[in-house]
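K.L.:
Please read through the structure below; I'll follow up with questions.
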Amino acid sequence: MKQNLSVQIVFPSYELPKEYLTVIGQIDHTIITESTTPTLSSKNSIYVHSGLTNLPQFDFLKDLNVVIRCKFSEIIHGGHLIASVFPFVRRLNIVMTDIEVINGEDLDGYNNTLNSLSDVILKEYVRGHFVQTNLLTDRFMLDEMNNCNAGIETITLAPDGKFYICPAFYFDSGDYGLGDSCFNVGDLENGLHIPNIRLYDLEHAPLCRICDAYQCKRCVWLNRKTTYEVNTPSHEQCVITHIERNASRSLLKRIQEKTTLLPNKVIKEINYLDPFDIKPNY
Amino acid sequence: MSQQTIFLPWQEGSAKSITFIVTKDCQLACKYCYLVGKNSKERMPFEIAKGAIDYILHHEEIFPDESVVWEFIGGEPFLEIELIDKICDYLKIEMYRLNHHWFNSYRFSFSTNGINYHEPRVQEFIHKNINHLSIGITIDGTQKKHDLNRIYKGNGKGTYEDVVKNIPLWLRDFPYGGTKVTVSSKDIPYIKDSILHLFSLGIHEVSINCVFENVWQEGDDILFEDQLCDLADEIIDLGLNEDYQCSFFNDQIGKPLDPTLFNQNWCGAGKMLSIDATGNFYPCTRFAQYSLRDKHAWIVGNIYDGIDQNKLRPFLTLDRLTQSPDKCIKCEVASGCAWCQGENYDAADTPTIYQRSTAICKMHKARVRANNYYWNKLHRKLGIEEEKTSKHKESMCSEYNSYC
Ligand code: SF4
Ligand code: SF4
């Protein structure tokens with residue numbers, strides 16, 4: 001902690017022993033916890049909901065940071081449930097848990113859902129509540145890539161005492177098709193060693209470095225799973241993200257028309273949904 | 001014809017190369033063979049080949065390339081001549097029946113060890129398909145050099161005599177036939193004699209490269225350079241450069257590459273497609289399990305589910321800069337320095353194709369020095385004052401003078 005690092009701690013669904021809590025209390029930290037965990041109600045915590053079904057029952061304290069993890073189809077069919085959360089929270093992150101199995105048929109549905117969510121967000125902005133969501137508002141706040149940056153800016157220490165590029169590599173220890181991989185990148189005894197670390201940075205990602213969907217998480221775990229390479233996203237990943245980018249562009253225009261916010265911000269119009277289609281031919 | 005163009009494959013750039021790994025068996029046990037998993041059991045059933053052909057020909061949208069090269073490799077492909085004949089017949093019939101755009105623009109291509117080239121069944125196939133055929137026979141040079149590596153499985157006897165007796169027949173069928181020579185550490189002392197020997201057999205094109213694996217010993221680069229400079233002397237002094245080509249000498253290599261202008265990948269993996277006996281697809285044969293030492297096969301689909309385009313994306317977005325270490329990006333002699341994506345993958349610290357192996361570095365530099373020697377000598381002989389376009393070239397000249 002000497003370098004003033006901040007630690008994100010993923011809490012289990014059961015209560016932690018007191019001495020753990022004492023140690024955690026001594027460091028700069030953020031708690032990530034399931035929404036059903038009983039004892040936590042800090043504004044610095046991030047509450048994670050699994051699925052949409054229990055959302056209406058949840059008693060949202062004002063200005064919480066909330067994460068919803070759900071399937072792509074749930075987003076398409078449960079847009080109204082997601083929309084109902086916006087008035088209560090400071091920030092809502094929506095994480096799709098099955099992006100790798102999405103196919104082309106659902107993309108129009110996704111676009112429609114984003115447009116309905118935009119209607120609700122616009123209303124919130126007009127009444128002065130500037131709610132944030134990764135799917136729609138992050139892009140118009142950004143001027144450069146703002147990715148997850150696992151392996152470069154963050155690293156995960158798992159309960160087995162080993163370091164991983166990110167928690168996903170710990171929890172899903174499959175071989176992803178190319179055998180046992182090197183995503184366990186050291187341990188407490190021997191320190192951290194990330195082979196081919198350059199492949200996690202933007203400059204070494206040929207598609208992402210030419211892309212302006214700045215809000216994209218650029219999930220290296222998903223990349224590895226879908227394309228075998230941590231620096232290469234799947235087609236579906238890029239298309240989904242560009243649908244969000246374009247919906248964000250429309251929302252920005254509407255906010256600019258209805259309010260005095262972000263008067264000079266421009267997201268340019270583009271004619272592709274996958275940067276693969278505009279990659280340079282050397 | 002320039003030194004450059006003579007080695008370009010058929011329909012360079014616009015032809016899709018589709019490879020059937022028809023067998024993993026071979027009569028030989030070459031010492032440098034990269035096929036670590038060769039065996040006599042895995043043979044492609046016709047139904048698998050048919051499934052691959054049906055998938056490919058019915059998906060013209062993912063194979064828009066103007067032309068196609070249907071390649072057959074092994075092991076030794078001609079061990080499966082009956083199967084190959086059946087596959088080729090099926091291909092022709094289907095391309096015609098489907099009115100496929102490849103029907104008028106296809107080739108069958110083989111790389112063979114030449115042992116059974118003369119056999120009636122092989123000859124029959126050749127004459128049946130001669131207008132759509134390229135066949136390369138691998139012969140490494142002099143008997144001594146060839147038999148050093150290319151030996152029979154089992155008794156370890158050299159194969160030179162059995163191959164060389166088929167060369168006249170092959171040159172009758174393919175008067176412009178070329179051969180590929182692969183150089184490993186132990187072959188270096190025989191390079192000059194071997195290439196001159198291949199020329200003397202009537203082979204006009206010798207395509208030659210150093211293996212990409214990390215096999216090089218201390219001092220190999222100097223020996224290599226000496227061999228190439230001696231070869232340059234012989235070729236130029238005897239006037240062989242008029243009629244014969246050796247790919248080691250090429251006037252485009254050995255220059256710095258501007259990263260903004262020359263960022264293309266070297267290797268065609270991913271733009272090609274290989275199919276094995278179980279019906280799996282690979283970006284190139286080098287990614288099939290039998291070609292890999294340390295890594296898992298990189299499968300991009302199969303004949304039942306089709307190609308997973310996501311598994312090809314890393315290949316199709318790969319460029320020179322992203323995979324190269326800093327020393328290669330700044331390298332003064334980078335042009336012509338080759339790599340093999342499969343070997344890069346096999347040798348990498350993690351399972352990635354984005355880590356370029358530079359095991360060949362000192363050999364490329366030696367080649368560049370000898371190459372400069374060759375061209376300067378040739379220009380001098382022809383009375384052409386070489387344009388000294390860069391200081392770099394001058395410094396290379398003084399460097400090679402000290403060696404050759
Ligand atoms: S949309 Fe695709 S190319 Fe763009 S940052 Fe995300 S993963 Fe990379
Ligand atoms: S491997 Fe060596 S010779 Fe080749 S480009 Fe890199 S530094 Fe230059």
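Following the order of the structure tokens, chains are lettered A, B, ..., residues in each are numbered from 1, and ligands are numbered from 1.
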Please give me, as a list in words, the residues lying within 7 Å of ligand 1 when counting only C-alpha atoms and all ligand atoms.

P.N.:
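Answer in the requested format: Leu207, Cys208, Cys211, Asp212, Ala213, Tyr214, Cys216, Lys217, Arg218, Pro233, Gln237, Cys238, Val239, Thr241, His242, Asp274 and Pro275 of chain A.
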
K.L.:
If the limit is 10 Å from any atom of ligand 2, counting only C-alpha atoms and all ligand atoms, which residues qualify? Return them as number ranges by chain.

P.N.:
B: 254-257, 320, 324-339, 356-368

K.L.:
Hey, which of A:Ala205, A:Val126, A:Ile82, A:Met141 ends up closest to chain B? Count only C-alpha atoms.

P.N.:
A:Ala205

K.L.:
Define the interface residues of chain A facing chain B as those within 8 Å, counting only C-alpha atoms, and report them as a count of residues only.

P.N.:
24

K.L.:
Which is closest to Arg198 (chain A) among A:Asn149, A:Ser173, A:Thr97, A:Ser35, if we use only C-alpha atoms?

P.N.:
A:Asn149

K.L.:
Do you know which residues are at most 12 Å from Ala168 (chain A) counting only C-alpha atoms, after dropping those on the same chain fewer than 2 positions away, and could you put them as a PyMOL selection string?

P.N.:
chain A and resi 97+150+155-158+163-166+170-174+183-184+219-225

K.L.:
Using the selection just defined, write its residues with C-alpha atoms as a PDB file, in the first residue's frame.

P.N.:
ATOM      1  CA  THR A  97     -22.567 -12.338 -19.266  1.00  0.00           C
ATOM      2  CA  ALA A 150      -6.464  -5.538 -16.824  1.00  0.00           C
ATOM      3  CA  ILE A 155      -4.105  -7.055 -11.353  1.00  0.00           C
ATOM      4  CA  THR A 156      -6.039  -9.618  -9.317  1.00  0.00           C
ATOM      5  CA  LEU A 157      -4.936 -11.473  -6.210  1.00  0.00           C
ATOM      6  CA  ALA A 158      -7.094 -14.577  -5.818  1.00  0.00           C
ATOM      7  CA  PHE A 163      -1.981 -13.229  -9.203  1.00  0.00           C
ATOM      8  CA  TYR A 164      -4.245 -13.293 -12.235  1.00  0.00           C
ATOM      9  CA  ILE A 165      -4.707 -10.840 -15.077  1.00  0.00           C
ATOM     10  CA  CYS A 166      -8.287 -10.376 -13.906  1.00  0.00           C
ATOM     11  CA  TYR A 170      -9.325 -17.166 -11.871  1.00  0.00           C
ATOM     12  CA  PHE A 171     -13.001 -18.054 -11.813  1.00  0.00           C
ATOM     13  CA  ASP A 172     -13.142 -19.579 -15.273  1.00  0.00           C
ATOM     14  CA  SER A 173     -10.044 -21.710 -15.412  1.00  0.00           C
ATOM     15  CA  GLY A 174     -10.860 -23.445 -18.700  1.00  0.00           C
ATOM     16  CA  PHE A 183      -2.911 -16.156 -16.966  1.00  0.00           C
ATOM     17  CA  ASN A 184      -1.739 -17.054 -13.514  1.00  0.00           C
ATOM     18  CA  CYS A 219     -12.318  -7.296 -22.117  1.00  0.00           C
ATOM     19  CA  VAL A 220      -9.101  -9.264 -22.516  1.00  0.00           C
ATOM     20  CA  TRP A 221     -10.645 -12.377 -21.024  1.00  0.00           C
ATOM     21  CA  LEU A 222     -13.457 -12.351 -23.546  1.00  0.00           C
ATOM     22  CA  ASN A 223     -10.948 -11.648 -26.308  1.00  0.00           C
ATOM     23  CA  ARG A 224      -8.919 -14.670 -25.282  1.00  0.00           C
ATOM     24  CA  LYS A 225     -12.005 -16.817 -25.129  1.00  0.00           C
TER      25      LYS A 225
END

K.L.:
Could you work out how far CA of Gln123 (chain B) lies from CA of Val68 (chain B), giving the answer in Å with one decimal?

P.N.:
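Answer for the CA of Val68 (chain B) to CA of Gln123 (chain B) separation: 23.1 Å.
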
K.L.:
Write down as a short mmCIF file (atom, residue, chain, number, x, y, z; two decimals) with N, CA and C atoms, in the first residue's frame the residues belonging to region 163-374 of chain B that are assigned helix (DSSP H, G or I) by DSSP computed on the backbone.

P.N.:
data_model
loop_
_atom_site.label_atom_id
_atom_site.label_comp_id
_atom_site.auth_asym_id
_atom_site.auth_seq_id
_atom_site.Cartn_x
_atom_site.Cartn_y
_atom_site.Cartn_z
N VAL B 163 15.68 -40.12 -55.73
CA VAL B 163 15.02 -38.88 -56.12
C VAL B 163 15.61 -38.38 -57.44
N VAL B 164 16.93 -38.38 -57.52
CA VAL B 164 17.58 -37.74 -58.66
C VAL B 164 17.24 -38.46 -59.97
N ILE B 167 14.35 -36.77 -61.64
CA ILE B 167 14.43 -35.34 -62.00
C ILE B 167 14.22 -35.11 -63.50
N PRO B 168 14.87 -35.91 -64.38
CA PRO B 168 14.64 -35.66 -65.82
C PRO B 168 13.16 -35.81 -66.20
N LEU B 169 12.51 -36.79 -65.62
CA LEU B 169 11.10 -37.01 -65.92
C LEU B 169 10.27 -35.80 -65.46
N TRP B 170 10.59 -35.34 -64.28
CA TRP B 170 9.88 -34.18 -63.72
C TRP B 170 10.11 -32.93 -64.58
N LEU B 171 11.38 -32.74 -65.00
CA LEU B 171 11.67 -31.55 -65.82
C LEU B 171 11.05 -31.66 -67.21
N ARG B 172 10.80 -32.90 -67.65
CA ARG B 172 10.09 -33.07 -68.91
C ARG B 172 8.63 -32.58 -68.73
N ASP B 173 8.04 -32.96 -67.60
CA ASP B 173 6.65 -32.55 -67.32
C ASP B 173 6.57 -31.06 -66.98
N SER B 185 21.66 -25.76 -39.56
CA SER B 185 23.04 -25.49 -39.17
C SER B 185 24.05 -26.42 -39.85
N LYS B 186 23.74 -27.72 -39.86
CA LYS B 186 24.73 -28.69 -40.39
C LYS B 186 24.89 -28.61 -41.91
N ASP B 187 23.95 -27.96 -42.59
CA ASP B 187 24.00 -27.92 -44.06
C ASP B 187 24.90 -26.81 -44.60
N ILE B 188 25.28 -25.90 -43.72
CA ILE B 188 25.94 -24.68 -44.21
C ILE B 188 27.16 -24.96 -45.11
N PRO B 189 28.05 -25.89 -44.72
CA PRO B 189 29.24 -26.08 -45.56
C PRO B 189 28.93 -26.57 -46.97
N TYR B 190 27.71 -27.04 -47.22
CA TYR B 190 27.40 -27.64 -48.52
C TYR B 190 26.57 -26.73 -49.42
N ILE B 191 26.28 -25.53 -48.95
CA ILE B 191 25.33 -24.69 -49.69
C ILE B 191 25.78 -24.41 -51.12
N LYS B 192 27.00 -23.93 -51.26
CA LYS B 192 27.45 -23.53 -52.60
C LYS B 192 27.40 -24.71 -53.56
N ASP B 193 28.02 -25.81 -53.16
CA ASP B 193 28.08 -26.97 -54.05
C ASP B 193 26.68 -27.49 -54.36
N SER B 194 25.81 -27.41 -53.38
CA SER B 194 24.46 -27.95 -53.57
C SER B 194 23.69 -27.14 -54.60
N ILE B 195 23.77 -25.85 -54.50
CA ILE B 195 23.00 -25.03 -55.45
C ILE B 195 23.56 -25.18 -56.86
N LEU B 196 24.87 -25.20 -56.97
CA LEU B 196 25.46 -25.38 -58.29
C LEU B 196 25.07 -26.75 -58.85
N HIS B 197 24.99 -27.72 -57.97
CA HIS B 197 24.60 -29.07 -58.40
C HIS B 197 23.16 -29.07 -58.92
N LEU B 198 22.27 -28.37 -58.21
CA LEU B 198 20.87 -28.32 -58.65
C LEU B 198 20.77 -27.63 -60.01
N PHE B 199 21.55 -26.57 -60.20
CA PHE B 199 21.59 -25.91 -61.52
C PHE B 199 22.04 -26.92 -62.57
N SER B 200 23.06 -27.71 -62.22
CA SER B 200 23.62 -28.65 -63.21
C SER B 200 22.63 -29.76 -63.55
N ASP B 220 27.91 -19.77 -37.11
CA ASP B 220 27.16 -20.21 -38.30
C ASP B 220 26.97 -19.07 -39.30
N ASP B 221 26.76 -17.88 -38.80
CA ASP B 221 26.52 -16.75 -39.70
C ASP B 221 27.73 -16.45 -40.58
N ILE B 222 28.91 -16.56 -40.00
CA ILE B 222 30.12 -16.27 -40.79
C ILE B 222 30.32 -17.35 -41.86
N LEU B 223 30.14 -18.60 -41.45
CA LEU B 223 30.27 -19.69 -42.42
C LEU B 223 29.26 -19.55 -43.55
N PHE B 224 28.07 -19.17 -43.16
CA PHE B 224 26.96 -19.00 -44.11
C PHE B 224 27.30 -17.90 -45.12
N GLU B 225 27.80 -16.81 -44.59
CA GLU B 225 28.15 -15.69 -45.46
C GLU B 225 29.26 -16.09 -46.43
N ASP B 226 30.25 -16.82 -45.91
CA ASP B 226 31.35 -17.29 -46.77
C ASP B 226 30.82 -18.16 -47.90
N GLN B 227 29.92 -19.07 -47.55
CA GLN B 227 29.34 -19.95 -48.56
C GLN B 227 28.61 -19.14 -49.64
N LEU B 228 27.83 -18.17 -49.18
CA LEU B 228 27.06 -17.39 -50.15
C LEU B 228 27.95 -16.52 -51.02
N CYS B 229 29.01 -15.99 -50.43
CA CYS B 229 29.93 -15.17 -51.23
C CYS B 229 30.64 -16.05 -52.26
N ASP B 230 31.03 -17.25 -51.86
CA ASP B 230 31.65 -18.19 -52.82
C ASP B 230 30.66 -18.53 -53.93
N LEU B 231 29.42 -18.73 -53.52
CA LEU B 231 28.38 -19.05 -54.51
C LEU B 231 28.19 -17.88 -55.47
N ALA B 232 28.19 -16.67 -54.92
CA ALA B 232 28.04 -15.47 -55.75
C ALA B 232 29.16 -15.43 -56.79
N ASP B 233 30.40 -15.71 -56.35
CA ASP B 233 31.54 -15.71 -57.28
C ASP B 233 31.30 -16.68 -58.43
N GLU B 234 30.91 -17.90 -58.07
CA GLU B 234 30.72 -18.94 -59.10
C GLU B 234 29.60 -18.54 -60.06
N ILE B 235 28.49 -18.09 -59.51
CA ILE B 235 27.35 -17.76 -60.37
C ILE B 235 27.73 -16.66 -61.35
N ILE B 236 28.40 -15.64 -60.84
CA ILE B 236 28.71 -14.50 -61.71
C ILE B 236 29.86 -14.83 -62.65
N ASP B 237 30.90 -15.47 -62.11
CA ASP B 237 32.05 -15.78 -62.97
C ASP B 237 31.67 -16.72 -64.10
N LEU B 240 26.14 -17.80 -64.76
CA LEU B 240 24.92 -18.57 -64.49
C LEU B 240 23.72 -17.67 -64.19
N ASN B 241 24.01 -16.44 -63.78
CA ASN B 241 22.93 -15.53 -63.42
C ASN B 241 21.98 -15.25 -64.59
N GLU B 242 22.46 -15.51 -65.81
CA GLU B 242 21.60 -15.29 -66.99
C GLU B 242 20.38 -16.22 -66.97
N THR B 285 -1.05 -25.13 -42.26
CA THR B 285 -0.70 -26.47 -41.78
C THR B 285 0.18 -26.44 -40.55
N ARG B 286 0.96 -25.39 -40.43
CA ARG B 286 1.89 -25.30 -39.30
C ARG B 286 1.15 -25.17 -37.97
N PHE B 287 -0.16 -24.91 -38.00
CA PHE B 287 -0.94 -24.80 -36.77
C PHE B 287 -1.68 -26.09 -36.42
N GLN B 289 -1.74 -29.95 -35.05
CA GLN B 289 -0.99 -30.47 -33.90
C GLN B 289 0.30 -31.18 -34.33
N TYR B 290 0.27 -31.88 -35.46
CA TYR B 290 1.47 -32.64 -35.84
C TYR B 290 2.64 -31.76 -36.24
N SER B 291 2.38 -30.46 -36.40
CA SER B 291 3.47 -29.54 -36.74
C SER B 291 4.00 -28.79 -35.54
N GLN B 309 -15.01 -17.33 -37.77
CA GLN B 309 -14.23 -16.17 -38.26
C GLN B 309 -13.50 -15.47 -37.13
N ASN B 310 -14.03 -15.55 -35.92
CA ASN B 310 -13.34 -14.90 -34.80
C ASN B 310 -11.96 -15.49 -34.57
N LYS B 311 -11.81 -16.78 -34.84
CA LYS B 311 -10.51 -17.42 -34.60
C LYS B 311 -9.50 -17.04 -35.69
N LEU B 312 -10.01 -16.43 -36.75
CA LEU B 312 -9.10 -15.97 -37.81
C LEU B 312 -8.75 -14.50 -37.66
N ARG B 313 -9.52 -13.78 -36.85
CA ARG B 313 -9.30 -12.33 -36.74
C ARG B 313 -7.88 -11.95 -36.33
N PRO B 314 -7.28 -12.65 -35.38
CA PRO B 314 -5.91 -12.26 -35.02
C PRO B 314 -4.95 -12.35 -36.22
N PHE B 315 -5.16 -13.32 -37.09
CA PHE B 315 -4.28 -13.46 -38.26
C PHE B 315 -4.52 -12.33 -39.25
N LEU B 316 -5.78 -11.96 -39.40
CA LEU B 316 -6.12 -10.99 -40.44
C LEU B 316 -5.85 -9.56 -39.99
N THR B 317 -5.57 -9.37 -38.71
CA THR B 317 -5.25 -8.02 -38.24
C THR B 317 -3.77 -7.89 -37.86
N ARG B 320 3.27 -6.09 -39.03
CA ARG B 320 4.68 -6.27 -38.70
C ARG B 320 5.04 -5.63 -37.36
N LEU B 321 4.58 -4.38 -37.18
CA LEU B 321 5.00 -3.64 -36.00
C LEU B 321 4.50 -4.27 -34.70
N THR B 322 3.24 -4.70 -34.70
CA THR B 322 2.65 -5.16 -33.46
C THR B 322 3.34 -6.43 -32.95
N GLN B 323 3.86 -7.24 -33.83
CA GLN B 323 4.46 -8.49 -33.38
C GLN B 323 5.98 -8.42 -33.23
N ASP B 326 11.48 -4.34 -30.65
CA ASP B 326 12.03 -3.04 -31.01
C ASP B 326 13.22 -3.15 -31.97
N LYS B 327 14.07 -4.14 -31.73
CA LYS B 327 15.29 -4.24 -32.56
C LYS B 327 14.92 -4.45 -34.04
N CYS B 328 13.81 -5.13 -34.30
CA CYS B 328 13.41 -5.36 -35.69
C CYS B 328 12.78 -4.11 -36.30
N ILE B 329 12.07 -3.36 -35.48
CA ILE B 329 11.44 -2.15 -36.00
C ILE B 329 12.51 -1.15 -36.41
N GLN B 341 4.65 -17.67 -39.05
CA GLN B 341 3.71 -17.43 -37.94
C GLN B 341 3.59 -18.66 -37.04
N GLY B 342 3.66 -19.82 -37.66
CA GLY B 342 3.55 -21.06 -36.89
C GLY B 342 4.73 -21.22 -35.94
N GLU B 343 5.92 -20.93 -36.43
CA GLU B 343 7.09 -21.03 -35.55
C GLU B 343 7.04 -19.94 -34.48
N ASN B 344 6.60 -18.75 -34.85
CA ASN B 344 6.45 -17.69 -33.84
C ASN B 344 5.54 -18.17 -32.72
N TYR B 345 4.43 -18.76 -33.09
CA TYR B 345 3.46 -19.26 -32.11
C TYR B 345 4.10 -20.36 -31.26
N ASP B 346 4.76 -21.29 -31.93
CA ASP B 346 5.35 -22.43 -31.21
C ASP B 346 6.42 -21.97 -30.22
N ALA B 347 7.16 -20.93 -30.59
CA ALA B 347 8.29 -20.51 -29.76
C ALA B 347 7.90 -19.43 -28.74
N CYS B 361 17.85 -14.07 -36.91
CA CYS B 361 18.45 -12.72 -37.03
C CYS B 361 19.85 -12.72 -37.63
N LYS B 362 20.76 -13.44 -37.00
CA LYS B 362 22.15 -13.32 -37.47
C LYS B 362 22.31 -13.94 -38.86
N MET B 363 21.45 -14.91 -39.19
CA MET B 363 21.55 -15.52 -40.51
C MET B 363 21.05 -14.55 -41.59
N HIS B 364 20.00 -13.81 -41.25
CA HIS B 364 19.52 -12.82 -42.22
C HIS B 364 20.59 -11.75 -42.45
N LYS B 365 21.21 -11.31 -41.38
CA LYS B 365 22.23 -10.27 -41.54
C LYS B 365 23.39 -10.78 -42.40
N ALA B 366 23.76 -12.04 -42.17
CA ALA B 366 24.82 -12.63 -42.99
C ALA B 366 24.39 -12.70 -44.46
N ARG B 367 23.14 -13.07 -44.66
CA ARG B 367 22.62 -13.15 -46.04
C ARG B 367 22.66 -11.78 -46.72
N VAL B 368 22.31 -10.76 -45.94
CA VAL B 368 22.31 -9.40 -46.50
C VAL B 368 23.71 -9.00 -46.91
N ARG B 369 24.68 -9.32 -46.08
CA ARG B 369 26.06 -8.95 -46.44
C ARG B 369 26.47 -9.66 -47.74
N ALA B 370 26.17 -10.94 -47.82
CA ALA B 370 26.53 -11.69 -49.03
C ALA B 370 25.73 -11.20 -50.23
N ASN B 371 24.51 -10.84 -49.98
CA ASN B 371 23.65 -10.34 -51.06
C ASN B 371 24.22 -9.04 -51.63
N ASN B 372 24.68 -8.16 -50.76
CA ASN B 372 25.29 -6.92 -51.23
C ASN B 372 26.54 -7.23 -52.05
N TYR B 373 27.28 -8.22 -51.59
CA TYR B 373 28.48 -8.64 -52.31
C TYR B 373 28.10 -9.10 -53.72
N TYR B 374 27.07 -9.90 -53.79
CA TYR B 374 26.60 -10.44 -55.08
C TYR B 374 26.24 -9.30 -56.04
#

K.L.:
Expressed in Å to a single decimal, how great is the separation between CA of Gly109 (chain A) and CA of Thr259 (chain A)?

P.N.:
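Those two atoms sit 28.3 Å apart.
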
K.L.:
Have a look at CA of Ser109 (chain B) and CA of Gly136 (chain B) and let me know their distance in Å, one decimal.

P.N.:
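These atoms are spaced 8.1 Å apart.
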
K.L.:
Could you pull out the residues in region 65-170 of chain A that DSSP calls strand (DSSP E) from the backbone, as a ChimeraX atom specification?

P.N.:
/A:65-70,89-96,132-133,156-157,162-164

K.L.:
Export, as a PDB file, in the first residue's frame, the selected residues with C-alpha atoms.

P.N.:
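The file below, out.pdb, is the result:
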ATOM      1  CA  ASN A  65     -23.308   2.582  -7.680  1.00  0.00           C
ATOM      2  CA  VAL A  66     -25.017  -0.466  -9.064  1.00  0.00           C
ATOM      3  CA  VAL A  67     -23.949  -3.218 -11.391  1.00  0.00           C
ATOM      4  CA  ILE A  68     -26.419  -5.504 -13.124  1.00  0.00           C
ATOM      5  CA  ARG A  69     -25.081  -8.751 -14.531  1.00  0.00           C
ATOM      6  CA  CYS A  70     -27.488 -10.358 -16.952  1.00  0.00           C
ATOM      7  CA  VAL A  89     -28.834   5.561  -8.729  1.00  0.00           C
ATOM      8  CA  ARG A  90     -25.686   7.557  -9.356  1.00  0.00           C
ATOM      9  CA  ARG A  91     -24.299   5.013 -11.755  1.00  0.00           C
ATOM     10  CA  LEU A  92     -25.581   1.831 -13.352  1.00  0.00           C
ATOM     11  CA  ASN A  93     -23.192  -0.547 -15.097  1.00  0.00           C
ATOM     12  CA  ILE A  94     -24.725  -3.300 -17.148  1.00  0.00           C
ATOM     13  CA  VAL A  95     -22.551  -6.328 -17.758  1.00  0.00           C
ATOM     14  CA  MET A  96     -23.568  -8.886 -20.368  1.00  0.00           C
ATOM     15  CA  GLN A 132     -24.318   7.608 -15.603  1.00  0.00           C
ATOM     16  CA  THR A 133     -24.423   4.298 -17.395  1.00  0.00           C
ATOM     17  CA  THR A 156      -6.039  -9.618  -9.317  1.00  0.00           C
ATOM     18  CA  LEU A 157      -4.936 -11.473  -6.210  1.00  0.00           C
ATOM     19  CA  LYS A 162      -1.792 -16.243  -6.952  1.00  0.00           C
ATOM     20  CA  PHE A 163      -1.981 -13.229  -9.203  1.00  0.00           C
ATOM     21  CA  TYR A 164      -4.245 -13.293 -12.235  1.00  0.00           C
TER      22      TYR A 164
END

K.L.:
So, with only C-alpha atoms as the atoms that count, which of A:Gly128, A:Pro87, A:Gly25, A:Pro159 lies closest to Pro12 (chain A)?

P.N.:
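Closest to Pro12 (chain A) of all the choices is A:Pro159.
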
K.L.:
Could you list, as a list in words, every residue within 9 Å of Gln143 (chain B), counting only C-alpha atoms and ignoring same-chain residues fewer than 5 positions away?

P.N.:
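Answer for this query is Leu148, Gly158, Thr159, Tyr160, Glu161 and Ser194 of chain B.
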
K.L.:
Calculated over only C-alpha atoms, which of the candidates A:Val101, A:Leu81, A:Ile194, A:Ile255 has the smallest distance to Phe58 (chain A)?

P.N.:
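Comparing A:Val101, A:Leu81, A:Ile194, A:Ile255 against Phe58 (chain A), the winner is A:Leu81.
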